>>> print(open('entry-v6.csv').read())   # CSV, C-alpha atoms
chain,number,residue,atom,x,y,z
L,1,MET,CA,-55.2,3.4,-42.9
L,2,ASN,CA,-55.7,7.1,-43.2
L,3,ARG,CA,-53.1,9.6,-44.1
L,4,ARG,CA,-52.4,10.6,-40.4
L,5,ASP,CA,-51.9,7.0,-39.4
L,6,THR,CA,-49.6,6.4,-42.3
L,7,VAL,CA,-47.4,9.4,-41.3
L,8,LEU,CA,-47.3,8.2,-37.7
L,9,ALA,CA,-46.3,4.7,-38.8
L,10,LEU,CA,-43.5,6.1,-41.0
L,11,VAL,CA,-42.2,8.2,-38.1
L,12,ALA,CA,-42.2,5.2,-35.8
L,13,LEU,CA,-40.3,3.1,-38.3
L,14,SER,CA,-37.7,5.8,-38.8
L,15,ALA,CA,-37.2,6.2,-35.1
L,16,ALA,CA,-36.8,2.5,-34.4
L,17,PRO,CA,-33.1,2.3,-35.5
L,18,LEU,CA,-32.4,5.4,-33.4
L,19,ALA,CA,-34.0,3.9,-30.3
L,20,ALA,CA,-32.1,0.6,-30.8
L,21,GLU,CA,-28.9,2.6,-31.1
L,22,ALA,CA,-29.6,4.5,-27.9
L,23,GLN,CA,-30.3,1.2,-26.1
L,24,ARG,CA,-27.1,-0.5,-27.3
L,25,PRO,CA,-24.4,-0.5,-24.6
L,26,LYS,CA,-21.7,2.0,-25.2
L,27,LYS,CA,-18.3,0.5,-25.8
L,28,VAL,CA,-16.1,0.7,-22.7
L,29,PRO,CA,-12.5,1.5,-23.7
L,30,ARG,CA,-9.8,-1.1,-22.7
L,31,ILE,CA,-6.4,0.0,-21.5
L,32,GLY,CA,-3.6,-2.6,-21.8
L,33,PHE,CA,-1.1,-1.9,-19.1
L,34,LEU,CA,2.3,-3.6,-19.3
L,35,SER,CA,4.3,-3.9,-16.1
L,36,SER,CA,7.8,-5.5,-16.1
L,37,ASP,CA,7.4,-6.5,-12.4
L,38,SER,CA,5.6,-9.5,-10.8
L,39,PRO,CA,1.9,-9.5,-9.9
L,40,GLY,CA,1.3,-8.0,-6.5
L,41,PRO,CA,0.9,-4.6,-4.8
L,42,ASP,CA,2.5,-1.8,-6.8
L,43,PRO,CA,2.1,1.8,-5.5
L,44,ARG,CA,2.9,3.2,-8.9
L,45,ILE,CA,-0.1,1.3,-10.5
L,46,ASP,CA,-2.2,2.5,-7.6
L,47,ILE,CA,-1.2,6.1,-8.4
L,48,PHE,CA,-2.0,5.5,-12.1
L,49,ARG,CA,-5.5,4.3,-11.2
L,50,GLN,CA,-5.9,7.3,-8.8
L,51,GLY,CA,-4.9,9.6,-11.6
L,52,LEU,CA,-7.7,8.2,-13.8
L,53,ARG,CA,-10.2,8.5,-10.9
L,54,ASP,CA,-9.2,12.1,-10.5
L,55,LEU,CA,-10.1,12.7,-14.1
L,56,GLY,CA,-13.6,11.2,-13.6
L,57,TYR,CA,-13.1,7.6,-14.8
L,58,VAL,CA,-14.6,4.7,-13.0
L,59,GLU,CA,-12.8,1.4,-13.5
L,60,GLY,CA,-15.1,-1.3,-14.6
L,61,GLN,CA,-17.8,1.1,-15.8
L,62,THR,CA,-16.3,3.9,-17.9
L,63,LEU,CA,-12.9,2.2,-18.5
L,64,LEU,CA,-11.3,-1.2,-18.2
L,65,ILE,CA,-7.7,-1.8,-17.3
L,66,GLU,CA,-6.0,-5.1,-18.2
L,67,LEU,CA,-2.7,-5.8,-16.6
L,68,ARG,CA,0.1,-8.0,-17.9
L,69,TYR,CA,3.3,-8.7,-16.0
L,70,GLY,CA,6.7,-9.4,-17.5
L,71,GLU,CA,8.0,-10.8,-14.2
L,72,GLY,CA,11.5,-9.6,-15.0
L,73,ARG,CA,11.7,-11.8,-18.0
L,74,LEU,CA,12.9,-10.2,-21.2
L,75,ASP,CA,11.8,-13.2,-23.4
L,76,ARG,CA,8.1,-12.9,-22.4
L,77,MET,CA,7.6,-9.2,-22.9
L,78,PRO,CA,7.1,-9.1,-26.7
L,79,SER,CA,4.4,-11.8,-26.5
L,80,LEU,CA,2.5,-9.7,-23.9
L,81,VAL,CA,2.6,-6.8,-26.3
L,82,ASN,CA,1.3,-9.0,-29.2
L,83,GLU,CA,-1.5,-10.3,-27.0
L,84,PHE,CA,-2.8,-6.7,-26.5
L,85,VAL,CA,-2.4,-5.9,-30.2
L,86,GLN,CA,-4.4,-9.0,-31.2
L,87,GLN,CA,-7.1,-8.1,-28.7
L,88,GLN,CA,-7.2,-4.6,-30.2
L,89,VAL,CA,-7.2,-2.8,-26.9
L,90,ASP,CA,-7.8,0.9,-27.2
L,91,ILE,CA,-4.5,2.1,-25.7
L,92,ILE,CA,-1.3,0.4,-24.6
L,93,VAL,CA,0.7,1.7,-21.6
L,94,ALA,CA,4.3,0.5,-21.9
L,95,THR,CA,6.4,1.0,-18.8
L,96,ASN,CA,9.9,0.0,-19.9
L,97,ASN,CA,12.0,0.2,-23.1
L,98,VAL,CA,11.6,-3.4,-24.1
L,99,PHE,CA,7.8,-3.0,-24.0
L,100,ILE,CA,8.0,0.3,-25.9
L,101,ARG,CA,10.2,-1.0,-28.7
L,102,SER,CA,8.1,-4.2,-29.0
L,103,ALA,CA,4.9,-2.1,-29.2
L,104,LYS,CA,6.3,0.2,-31.8
L,105,GLU,CA,7.2,-2.7,-33.9
L,106,ALA,CA,3.8,-4.5,-33.4
L,107,THR,CA,1.4,-1.7,-34.2
L,108,LYS,CA,1.2,1.6,-36.0
L,109,THR,CA,-2.4,2.3,-35.1
L,110,ILE,CA,-3.0,1.6,-31.4
L,111,PRO,CA,-2.0,4.6,-29.3
L,112,ILE,CA,1.0,3.8,-27.1
L,113,ILE,CA,1.7,5.7,-23.9
L,114,MET,CA,5.3,5.2,-22.9
L,115,ILE,CA,7.1,5.7,-19.6
L,116,SER,CA,10.7,5.7,-20.8
L,117,SER,CA,14.0,6.0,-19.0
L,118,ILE,CA,16.0,6.9,-22.1
L,119,ASP,CA,15.8,9.7,-24.6
L,120,PRO,CA,12.8,8.6,-26.8
L,121,VAL,CA,14.1,10.7,-29.8
L,122,VAL,CA,17.6,9.1,-29.7
L,123,ALA,CA,15.9,5.7,-29.2
L,124,GLY,CA,13.8,6.3,-32.3
L,125,TYR,CA,10.4,6.0,-30.5
L,126,VAL,CA,9.3,9.5,-31.5
L,127,GLU,CA,10.4,12.1,-34.1
L,128,SER,CA,10.6,14.9,-31.5
L,129,LEU,CA,9.5,15.7,-28.0
L,130,ALA,CA,7.2,18.5,-29.1
L,131,ARG,CA,5.6,16.6,-32.0
L,132,PRO,CA,6.1,12.8,-31.6
L,133,GLY,CA,4.7,12.2,-35.1
L,134,GLY,CA,3.5,8.6,-34.7
L,135,ASN,CA,1.3,6.6,-32.4
L,136,ILE,CA,3.6,7.0,-29.4
L,137,THR,CA,3.7,9.7,-26.7
L,138,GLY,CA,4.1,9.8,-23.0
L,139,VAL,CA,6.8,10.5,-20.4
L,140,SER,CA,10.6,10.3,-20.5
L,141,SER,CA,12.1,10.3,-17.0
L,142,LEU,CA,15.6,11.3,-18.1
L,143,GLY,CA,16.9,8.5,-15.9
L,144,ARG,CA,19.9,8.0,-18.1
L,145,ASP,CA,20.9,11.7,-18.3
L,146,LEU,CA,21.8,11.9,-14.6
L,147,SER,CA,24.9,9.7,-14.5
L,148,ALA,CA,27.4,12.4,-13.8
L,149,LYS,CA,25.3,13.8,-11.0
L,150,ARG,CA,25.0,10.4,-9.3
L,151,MET,CA,28.8,10.0,-9.4
L,152,GLU,CA,29.2,13.5,-8.0
L,153,LEU,CA,27.0,12.6,-5.1
L,154,LEU,CA,29.0,9.4,-4.4
L,155,LYS,CA,32.2,11.4,-4.5
L,156,GLU,CA,30.7,13.7,-1.9
L,157,ILE,CA,30.1,10.7,0.4
L,158,LEU,CA,33.3,8.9,-0.5
L,159,PRO,CA,35.9,11.7,-1.4
L,160,GLY,CA,38.7,9.1,-1.7
L,161,MET,CA,36.8,6.9,-4.1
L,162,SER,CA,38.9,5.8,-7.1
L,163,ARG,CA,36.9,2.8,-8.4
L,164,VAL,CA,33.1,2.4,-8.8
L,165,ALA,CA,31.3,-0.7,-10.0
L,166,ILE,CA,28.2,-0.6,-12.3
L,167,LEU,CA,25.6,-3.4,-11.9
L,168,TRP,CA,23.6,-3.7,-15.1
L,169,HIS,CA,21.6,-6.1,-17.2
L,170,GLY,CA,23.4,-6.9,-20.4
L,171,ASP,CA,20.5,-8.2,-22.4
L,172,ALA,CA,18.3,-5.0,-22.3
L,173,PRO,CA,18.7,-1.8,-24.4
L,174,GLY,CA,18.2,0.8,-21.6
L,175,PRO,CA,21.0,-0.5,-19.4
L,176,ARG,CA,23.4,-0.6,-22.4
L,177,VAL,CA,22.8,3.1,-22.9
L,178,ALA,CA,23.2,3.7,-19.1
L,179,PHE,CA,26.5,1.9,-19.0
L,180,LYS,CA,28.0,4.1,-21.8
L,181,GLN,CA,26.9,7.2,-20.0
L,182,TYR,CA,28.4,6.0,-16.7
L,183,GLU,CA,31.7,5.4,-18.7
L,184,ALA,CA,31.7,9.0,-19.8
L,185,ALA,CA,30.9,10.2,-16.3
L,186,ALA,CA,33.7,8.1,-14.8
L,187,ARG,CA,36.2,9.7,-17.2
L,188,THR,CA,35.0,13.2,-16.1
L,189,PHE,CA,35.7,12.3,-12.5
L,190,LYS,CA,38.9,10.3,-13.3
L,191,LEU,CA,37.4,7.2,-11.8
L,192,ASN,CA,38.1,3.6,-12.7
L,193,LEU,CA,34.9,1.9,-13.8
L,194,GLN,CA,34.2,-1.8,-13.2
L,195,SER,CA,31.4,-3.5,-15.2
L,196,LEU,CA,29.3,-5.9,-13.3
L,197,GLU,CA,27.2,-7.2,-16.2
L,198,VAL,CA,24.6,-9.8,-15.5
L,199,ARG,CA,22.2,-11.7,-17.7
L,200,GLY,CA,18.8,-13.2,-17.1
L,201,PRO,CA,16.7,-15.0,-16.2
L,202,ASN,CA,19.0,-16.1,-13.4
L,203,PRO,CA,21.8,-13.5,-13.0
L,204,ASP,CA,24.9,-14.4,-11.1
L,205,LEU,CA,24.5,-11.6,-8.5
L,206,GLU,CA,26.8,-13.3,-5.9
L,207,GLY,CA,29.6,-13.5,-8.5
L,208,ALA,CA,29.1,-9.9,-9.5
L,209,PHE,CA,29.5,-8.7,-5.9
L,210,ARG,CA,32.5,-11.0,-5.3
L,211,ALA,CA,34.1,-9.4,-8.3
L,212,ALA,CA,33.4,-5.9,-7.0
L,213,LYS,CA,35.1,-6.7,-3.7
L,214,LYS,CA,38.0,-8.4,-5.3
L,215,GLU,CA,38.8,-5.3,-7.4
L,216,HIS,CA,38.2,-3.0,-4.3
L,217,ALA,CA,35.3,-1.0,-5.7
L,218,ALA,CA,34.4,1.7,-3.3
L,219,ALA,CA,30.7,1.7,-4.3
L,220,VAL,CA,28.2,0.2,-6.7
L,221,ILE,CA,25.8,2.0,-9.0
L,222,ILE,CA,22.7,-0.1,-9.7
L,223,VAL,CA,21.1,0.5,-13.1
L,224,VAL,CA,17.3,0.1,-12.8
L,225,ASN,CA,15.5,-2.3,-15.1
L,226,HIS,CA,13.1,-5.1,-15.0
L,227,LEU,CA,15.6,-7.9,-14.2
L,228,ILE,CA,17.3,-5.9,-11.5
L,229,THR,CA,14.0,-4.9,-9.9
L,230,PHE,CA,12.9,-8.5,-9.9
L,231,HIS,CA,16.0,-9.5,-7.8
L,232,LEU,CA,16.0,-6.2,-5.8
L,233,LYS,CA,15.8,-7.7,-2.3
L,234,ARG,CA,18.7,-10.0,-2.9
L,235,ILE,CA,20.8,-7.3,-4.5
L,236,MET,CA,20.4,-5.0,-1.5
L,237,GLU,CA,21.2,-7.9,0.9
L,238,LEU,CA,24.5,-8.5,-1.1
L,239,ALA,CA,25.4,-4.8,-1.1
L,240,THR,CA,25.0,-4.7,2.7
L,241,SER,CA,26.8,-7.9,3.4
L,242,ASN,CA,29.7,-6.8,1.2
L,243,GLN,CA,29.8,-3.3,2.8
L,244,LEU,CA,29.2,-1.6,-0.5
L,245,PRO,CA,27.4,1.7,-0.6
L,246,SER,CA,24.8,1.6,-3.4
L,247,MET,CA,23.8,4.5,-5.6
L,248,ASN,CA,20.4,3.9,-7.2
L,249,GLU,CA,18.4,5.4,-10.0
L,250,ASP,CA,15.0,4.8,-8.4
L,251,SER,CA,13.8,5.6,-4.8
L,252,ARG,CA,12.1,2.2,-4.6
L,253,TYR,CA,15.6,0.7,-4.4
L,254,VAL,CA,16.4,2.9,-1.3
L,255,TYR,CA,13.2,1.8,0.4
L,256,ALA,CA,14.3,-1.8,-0.2
L,257,GLY,CA,17.6,-1.2,1.6
L,258,GLY,CA,19.8,0.8,-0.8
L,259,LEU,CA,21.9,3.7,0.5
L,260,LEU,CA,20.7,6.6,-1.7
L,261,SER,CA,19.0,7.4,-5.0
L,262,TYR,CA,18.9,10.4,-7.3
L,263,GLY,CA,16.3,10.6,-10.1
L,264,ALA,CA,12.8,11.7,-11.2
L,265,ASN,CA,9.8,10.8,-9.1
L,266,THR,CA,8.5,7.8,-11.1
L,267,SER,CA,5.2,8.0,-9.3
L,268,ASP,CA,4.6,11.3,-11.1
L,269,SER,CA,5.3,9.6,-14.5
L,270,TYR,CA,2.6,7.1,-13.8
L,271,ARG,CA,0.1,9.8,-12.8
L,272,ARG,CA,0.8,11.7,-16.0
L,273,ALA,CA,0.1,8.5,-18.0
L,274,ALA,CA,-3.5,8.9,-16.9
L,275,TYR,CA,-3.5,12.4,-18.3
L,276,TYR,CA,-2.5,11.0,-21.8
L,277,ILE,CA,-5.2,8.4,-21.6
L,278,ASP,CA,-7.8,11.0,-20.9
L,279,LYS,CA,-6.6,13.2,-23.9
L,280,ILE,CA,-6.6,10.3,-26.3
L,281,LEU,CA,-10.0,8.9,-25.3
L,282,LYS,CA,-11.3,12.4,-25.9
L,283,GLY,CA,-10.0,12.4,-29.4
L,284,ALA,CA,-6.4,13.7,-29.3
L,285,LYS,CA,-3.8,11.9,-31.4
L,286,PRO,CA,-0.5,10.7,-29.9
L,287,ARG,CA,1.4,12.4,-32.6
L,288,ASP,CA,0.1,15.8,-31.4
L,289,LEU,CA,0.7,15.3,-27.7
L,290,PRO,CA,4.2,16.5,-26.6
L,291,VAL,CA,6.3,14.1,-24.6
L,292,GLU,CA,6.8,15.3,-21.1
L,293,GLN,CA,10.0,15.4,-19.2
L,294,PRO,CA,10.4,15.8,-15.4
L,295,THR,CA,11.4,19.2,-13.9
L,296,LYS,CA,12.2,18.0,-10.4
L,297,PHE,CA,14.6,15.3,-9.2
L,298,GLU,CA,14.7,13.8,-5.8
L,299,LEU,CA,17.6,12.8,-3.5
L,300,VAL,CA,16.6,10.0,-1.1
L,301,ILE,CA,19.0,8.8,1.6
L,302,ASN,CA,18.7,5.7,3.8
L,303,LEU,CA,20.5,6.4,7.1
L,304,LYS,CA,19.6,2.9,8.3
L,305,ALA,CA,21.5,1.4,5.4
L,306,ALA,CA,24.4,3.8,6.1
L,307,LYS,CA,24.6,2.6,9.7
L,308,GLN,CA,24.6,-1.1,8.6
L,309,ILE,CA,27.8,-0.5,6.5
L,310,GLY,CA,29.4,1.9,8.9
L,311,LEU,CA,29.2,4.9,6.7
L,312,ALA,CA,28.7,8.5,7.8
L,313,ILE,CA,26.6,10.8,5.5
L,314,PRO,CA,27.8,14.4,5.4
L,315,LYS,CA,25.4,16.8,7.0
L,316,SER,CA,25.5,19.1,4.0
L,317,LEU,CA,24.2,16.2,1.8
L,318,LEU,CA,21.5,15.3,4.4
L,319,ALA,CA,20.3,18.9,4.4
L,320,ARG,CA,19.8,18.7,0.6
L,321,ALA,CA,17.9,15.4,0.7
L,322,ASP,CA,14.2,15.4,-0.3
L,323,GLU,CA,13.7,12.4,2.0
L,324,VAL,CA,15.7,10.8,4.7
L,325,ILE,CA,14.9,7.2,5.8
L,326,GLU,CA,15.9,6.6,9.5
>>> encode(input="entry-v6.csv", output="structure tokens")
Amino acid sequence: MNRRDTVLALVALSAAPLAAEAQRPKKVPRIGFLSSDSPGPDPRIDIFRQGLRDLGYVEGQTLLIELRYGEGRLDRMPSLVNEFVQQQVDIIVATNNVFIRSAKEATKTIPIIMISSIDPVVAGYVESLARPGGNITGVSSLGRDLSAKRMELLKEILPGMSRVAILWHGDAPGPRVAFKQYEAAARTFKLNLQSLEVRGPNPDLEGAFRAAKKEHAAAVIIVVNHLITFHLKRIMELATSNQLPSMNEDSRYVYAGGLLSYGANTSDSYRRAAYYIDKILKGAKPRDLPVEQPTKFELVINLKAAKQIGLAIPKSLLARADEVIE
């Protein structure tokens, strides 16, 4: 072999690893998405997926989404988190406080995008909203900070209201925070507060509503969480049959038959989760991505539900509603 052939052979040998590397399939990032609901159509997950498409991702090609469902069961949620940690997914999306807390305890390295209904600083998820400081960032819906406003809206509909009942899940951390805040709001409005605490997996909803009627509660505030959402249809049927106006923290509950809701648009939170995924996949660290909070809150009123319980909604309140269901 002459000198020229030797040089060409060495060049070919040195290029071989590079060629093999170029031909090796690029790793497709996997997103572990934790939903507290049951399998089935969910507009919020559809919005999350659309948010990723808007950012240029093609599911199944440039990104994989693996869904796990808590089905309203508190006991199975930590195991779903651990499954994703063991599989070493690239990012975990945690959509309730049980998932968030479990994920924080299970991993310090996998980025976690939260959709939280309570203050994530007070809960200990992040160091601050501006600089989370660990492997968690995402969206806080401020759902627990609107207790007084919800009672104010109920007083506008029921000016003579003296007692309000709170339906909440006693096993979960978020509702415990919510109940304390409703207690404080009730003191502000000089209202008697009745606790309708239920526990899973088979809550005594009928008993809770019987207790509300027995104590002459004028309305019921329903604290959103995975167990309550799982039994949402039955809860709304009981509210209607007991002629109890329901104030809700999530507009989904109004679409299911509740009277009204006041809170952040949860769909926007799911859309923003896609933004965080994009940033992290492009190299950003969760600790450097500020936690977002909503700037707009929506009032949704169901006139059909009002008619079913014989309740008139003030025109002044209807005029301020973001959406009226007829």
>>> residues_around(input="entry-v6.csv", residues="His226 of chain L", least_positions_apart="3", cutoff="6 Å", atoms="only C-alpha atoms", output="PyMOL selection string")
chain L and resi 36+72+229
>>> residues_around(input="entry-v6.csv", residues="Lys304 of chain L", least_positions_apart="2", cutoff="10 Å", atoms="only C-alpha atoms", output="JSON, numbers by chain")
{"L": [257, 258, 259, 301, 302, 306, 307, 308, 309, 310, 311, 324, 325, 326]}
>>> closest_residue(input="entry-v6.csv", among="L:Tyr262, L:Glu206, L:Ser141, L:Val164", to="Met236 of chain L", atoms="only C-alpha atoms")
L:Glu206
>>> closest_residue(input="entry-v6.csv", among="L:Val291, L:Ile91, L:Leu64, L:Ile136", to="Glu105 of chain L", atoms="all atoms listed in the file")
L:Ile136
>>> closest_residue(input="entry-v6.csv", among="L:Leu34, L:Ile221, L:Leu303, L:Leu55", to="Glu83 of chain L", atoms="only C-alpha atoms")
L:Leu34
>>> closest_residue(input="entry-v6.csv", among="L:Pro41, L:Gly170, L:Gly283, L:Gly32", to="Asn82 of chain L", atoms="only C-alpha atoms")
L:Gly32
>>> atom_distance(input="entry-v6.csv", atom1="atom CA of Thr109 of chain L", atom2="atom CA of Arg272 of chain L")
21.5 Å
>>> decode(input="entry-v6.csv", residues="segment 202-225 of chain L", atoms="N, CA, C and O atoms", output="PDB file, in the first residue's frame")
ATOM      1  N   ASN L 202     -64.663   5.223  48.706  1.00  0.00           N
ATOM      2  CA  ASN L 202     -66.116   5.230  48.517  1.00  0.00           C
ATOM      3  C   ASN L 202     -66.750   6.236  49.476  1.00  0.00           C
ATOM      4  O   ASN L 202     -67.271   5.864  50.532  1.00  0.00           O
ATOM      5  N   PRO L 203     -66.706   7.518  49.136  1.00  0.00           N
ATOM      6  CA  PRO L 203     -67.198   8.553  50.049  1.00  0.00           C
ATOM      7  C   PRO L 203     -68.710   8.468  50.251  1.00  0.00           C
ATOM      8  O   PRO L 203     -69.456   8.144  49.324  1.00  0.00           O
ATOM      9  N   ASP L 204     -69.141   8.773  51.461  1.00  0.00           N
ATOM     10  CA  ASP L 204     -70.572   8.775  51.774  1.00  0.00           C
ATOM     11  C   ASP L 204     -71.170  10.118  51.350  1.00  0.00           C
ATOM     12  O   ASP L 204     -71.436  10.994  52.185  1.00  0.00           O
ATOM     13  N   LEU L 205     -71.393  10.273  50.071  1.00  0.00           N
ATOM     14  CA  LEU L 205     -71.897  11.539  49.539  1.00  0.00           C
ATOM     15  C   LEU L 205     -73.349  11.769  49.947  1.00  0.00           C
ATOM     16  O   LEU L 205     -73.734  12.900  50.279  1.00  0.00           O
ATOM     17  N   GLU L 206     -74.143  10.719  49.914  1.00  0.00           N
ATOM     18  CA  GLU L 206     -75.545  10.857  50.306  1.00  0.00           C
ATOM     19  C   GLU L 206     -75.644  11.338  51.753  1.00  0.00           C
ATOM     20  O   GLU L 206     -76.439  12.235  52.077  1.00  0.00           O
ATOM     21  N   GLY L 207     -74.827  10.756  52.618  1.00  0.00           N
ATOM     22  CA  GLY L 207     -74.821  11.165  54.020  1.00  0.00           C
ATOM     23  C   GLY L 207     -74.393  12.615  54.190  1.00  0.00           C
ATOM     24  O   GLY L 207     -74.936  13.342  55.036  1.00  0.00           O
ATOM     25  N   ALA L 208     -73.424  13.044  53.393  1.00  0.00           N
ATOM     26  CA  ALA L 208     -72.946  14.425  53.469  1.00  0.00           C
ATOM     27  C   ALA L 208     -74.060  15.406  53.116  1.00  0.00           C
ATOM     28  O   ALA L 208     -74.270  16.407  53.812  1.00  0.00           O
ATOM     29  N   PHE L 209     -74.801  15.120  52.052  1.00  0.00           N
ATOM     30  CA  PHE L 209     -75.870  16.037  51.645  1.00  0.00           C
ATOM     31  C   PHE L 209     -77.057  15.980  52.608  1.00  0.00           C
ATOM     32  O   PHE L 209     -77.725  16.997  52.836  1.00  0.00           O
ATOM     33  N   ARG L 210     -77.296  14.814  53.191  1.00  0.00           N
ATOM     34  CA  ARG L 210     -78.349  14.749  54.208  1.00  0.00           C
ATOM     35  C   ARG L 210     -77.988  15.633  55.404  1.00  0.00           C
ATOM     36  O   ARG L 210     -78.844  16.337  55.962  1.00  0.00           O
ATOM     37  N   ALA L 211     -76.735  15.613  55.776  1.00  0.00           N
ATOM     38  CA  ALA L 211     -76.276  16.439  56.892  1.00  0.00           C
ATOM     39  C   ALA L 211     -76.423  17.925  56.570  1.00  0.00           C
ATOM     40  O   ALA L 211     -76.806  18.729  57.435  1.00  0.00           O
ATOM     41  N   ALA L 212     -76.117  18.305  55.324  1.00  0.00           N
ATOM     42  CA  ALA L 212     -76.250  19.702  54.919  1.00  0.00           C
ATOM     43  C   ALA L 212     -77.700  20.162  55.001  1.00  0.00           C
ATOM     44  O   ALA L 212     -78.001  21.268  55.474  1.00  0.00           O
ATOM     45  N   LYS L 213     -78.616  19.321  54.555  1.00  0.00           N
ATOM     46  CA  LYS L 213     -80.038  19.670  54.609  1.00  0.00           C
ATOM     47  C   LYS L 213     -80.541  19.719  56.054  1.00  0.00           C
ATOM     48  O   LYS L 213     -81.321  20.602  56.420  1.00  0.00           O
ATOM     49  N   LYS L 214     -80.084  18.785  56.864  1.00  0.00           N
ATOM     50  CA  LYS L 214     -80.520  18.741  58.255  1.00  0.00           C
ATOM     51  C   LYS L 214     -80.136  20.009  59.001  1.00  0.00           C
ATOM     52  O   LYS L 214     -80.890  20.511  59.849  1.00  0.00           O
ATOM     53  N   GLU L 215     -78.953  20.539  58.697  1.00  0.00           N
ATOM     54  CA  GLU L 215     -78.464  21.739  59.374  1.00  0.00           C
ATOM     55  C   GLU L 215     -78.855  23.022  58.642  1.00  0.00           C
ATOM     56  O   GLU L 215     -78.397  24.108  58.986  1.00  0.00           O
ATOM     57  N   HIS L 216     -79.680  22.883  57.606  1.00  0.00           N
ATOM     58  CA  HIS L 216     -80.215  24.026  56.856  1.00  0.00           C
ATOM     59  C   HIS L 216     -79.128  24.886  56.204  1.00  0.00           C
ATOM     60  O   HIS L 216     -79.178  26.117  56.250  1.00  0.00           O
ATOM     61  N   ALA L 217     -78.128  24.228  55.620  1.00  0.00           N
ATOM     62  CA  ALA L 217     -77.127  24.970  54.846  1.00  0.00           C
ATOM     63  C   ALA L 217     -77.804  25.605  53.633  1.00  0.00           C
ATOM     64  O   ALA L 217     -78.643  24.978  52.975  1.00  0.00           O
ATOM     65  N   ALA L 218     -77.468  26.855  53.346  1.00  0.00           N
ATOM     66  CA  ALA L 218     -78.076  27.552  52.217  1.00  0.00           C
ATOM     67  C   ALA L 218     -77.410  27.197  50.902  1.00  0.00           C
ATOM     68  O   ALA L 218     -78.012  27.340  49.829  1.00  0.00           O
ATOM     69  N   ALA L 219     -76.152  26.743  50.953  1.00  0.00           N
ATOM     70  CA  ALA L 219     -75.401  26.419  49.740  1.00  0.00           C
ATOM     71  C   ALA L 219     -74.253  25.496  50.115  1.00  0.00           C
ATOM     72  O   ALA L 219     -73.914  25.333  51.297  1.00  0.00           O
ATOM     73  N   VAL L 220     -73.651  24.887  49.106  1.00  0.00           N
ATOM     74  CA  VAL L 220     -72.496  24.023  49.325  1.00  0.00           C
ATOM     75  C   VAL L 220     -71.362  24.474  48.420  1.00  0.00           C
ATOM     76  O   VAL L 220     -71.566  24.749  47.234  1.00  0.00           O
ATOM     77  N   ILE L 221     -70.180  24.596  48.993  1.00  0.00           N
ATOM     78  CA  ILE L 221     -68.974  24.879  48.219  1.00  0.00           C
ATOM     79  C   ILE L 221     -68.244  23.560  48.044  1.00  0.00           C
ATOM     80  O   ILE L 221     -67.975  22.858  49.029  1.00  0.00           O
ATOM     81  N   ILE L 222     -67.918  23.230  46.817  1.00  0.00           N
ATOM     82  CA  ILE L 222     -67.306  21.933  46.516  1.00  0.00           C
ATOM     83  C   ILE L 222     -65.822  22.134  46.215  1.00  0.00           C
ATOM     84  O   ILE L 222     -65.461  22.821  45.263  1.00  0.00           O
ATOM     85  N   VAL L 223     -64.986  21.552  47.048  1.00  0.00           N
ATOM     86  CA  VAL L 223     -63.532  21.700  46.907  1.00  0.00           C
ATOM     87  C   VAL L 223     -63.036  20.690  45.872  1.00  0.00           C
ATOM     88  O   VAL L 223     -63.182  19.480  46.049  1.00  0.00           O
ATOM     89  N   VAL L 224     -62.420  21.200  44.835  1.00  0.00           N
ATOM     90  CA  VAL L 224     -61.971  20.335  43.748  1.00  0.00           C
ATOM     91  C   VAL L 224     -60.795  19.469  44.195  1.00  0.00           C
ATOM     92  O   VAL L 224     -59.870  19.933  44.854  1.00  0.00           O
ATOM     93  N   ASN L 225     -60.867  18.189  43.876  1.00  0.00           N
ATOM     94  CA  ASN L 225     -59.712  17.296  43.988  1.00  0.00           C
ATOM     95  C   ASN L 225     -60.053  15.990  43.283  1.00  0.00           C
ATOM     96  O   ASN L 225     -61.170  15.818  42.767  1.00  0.00           O
TER      97      ASN L 225
END
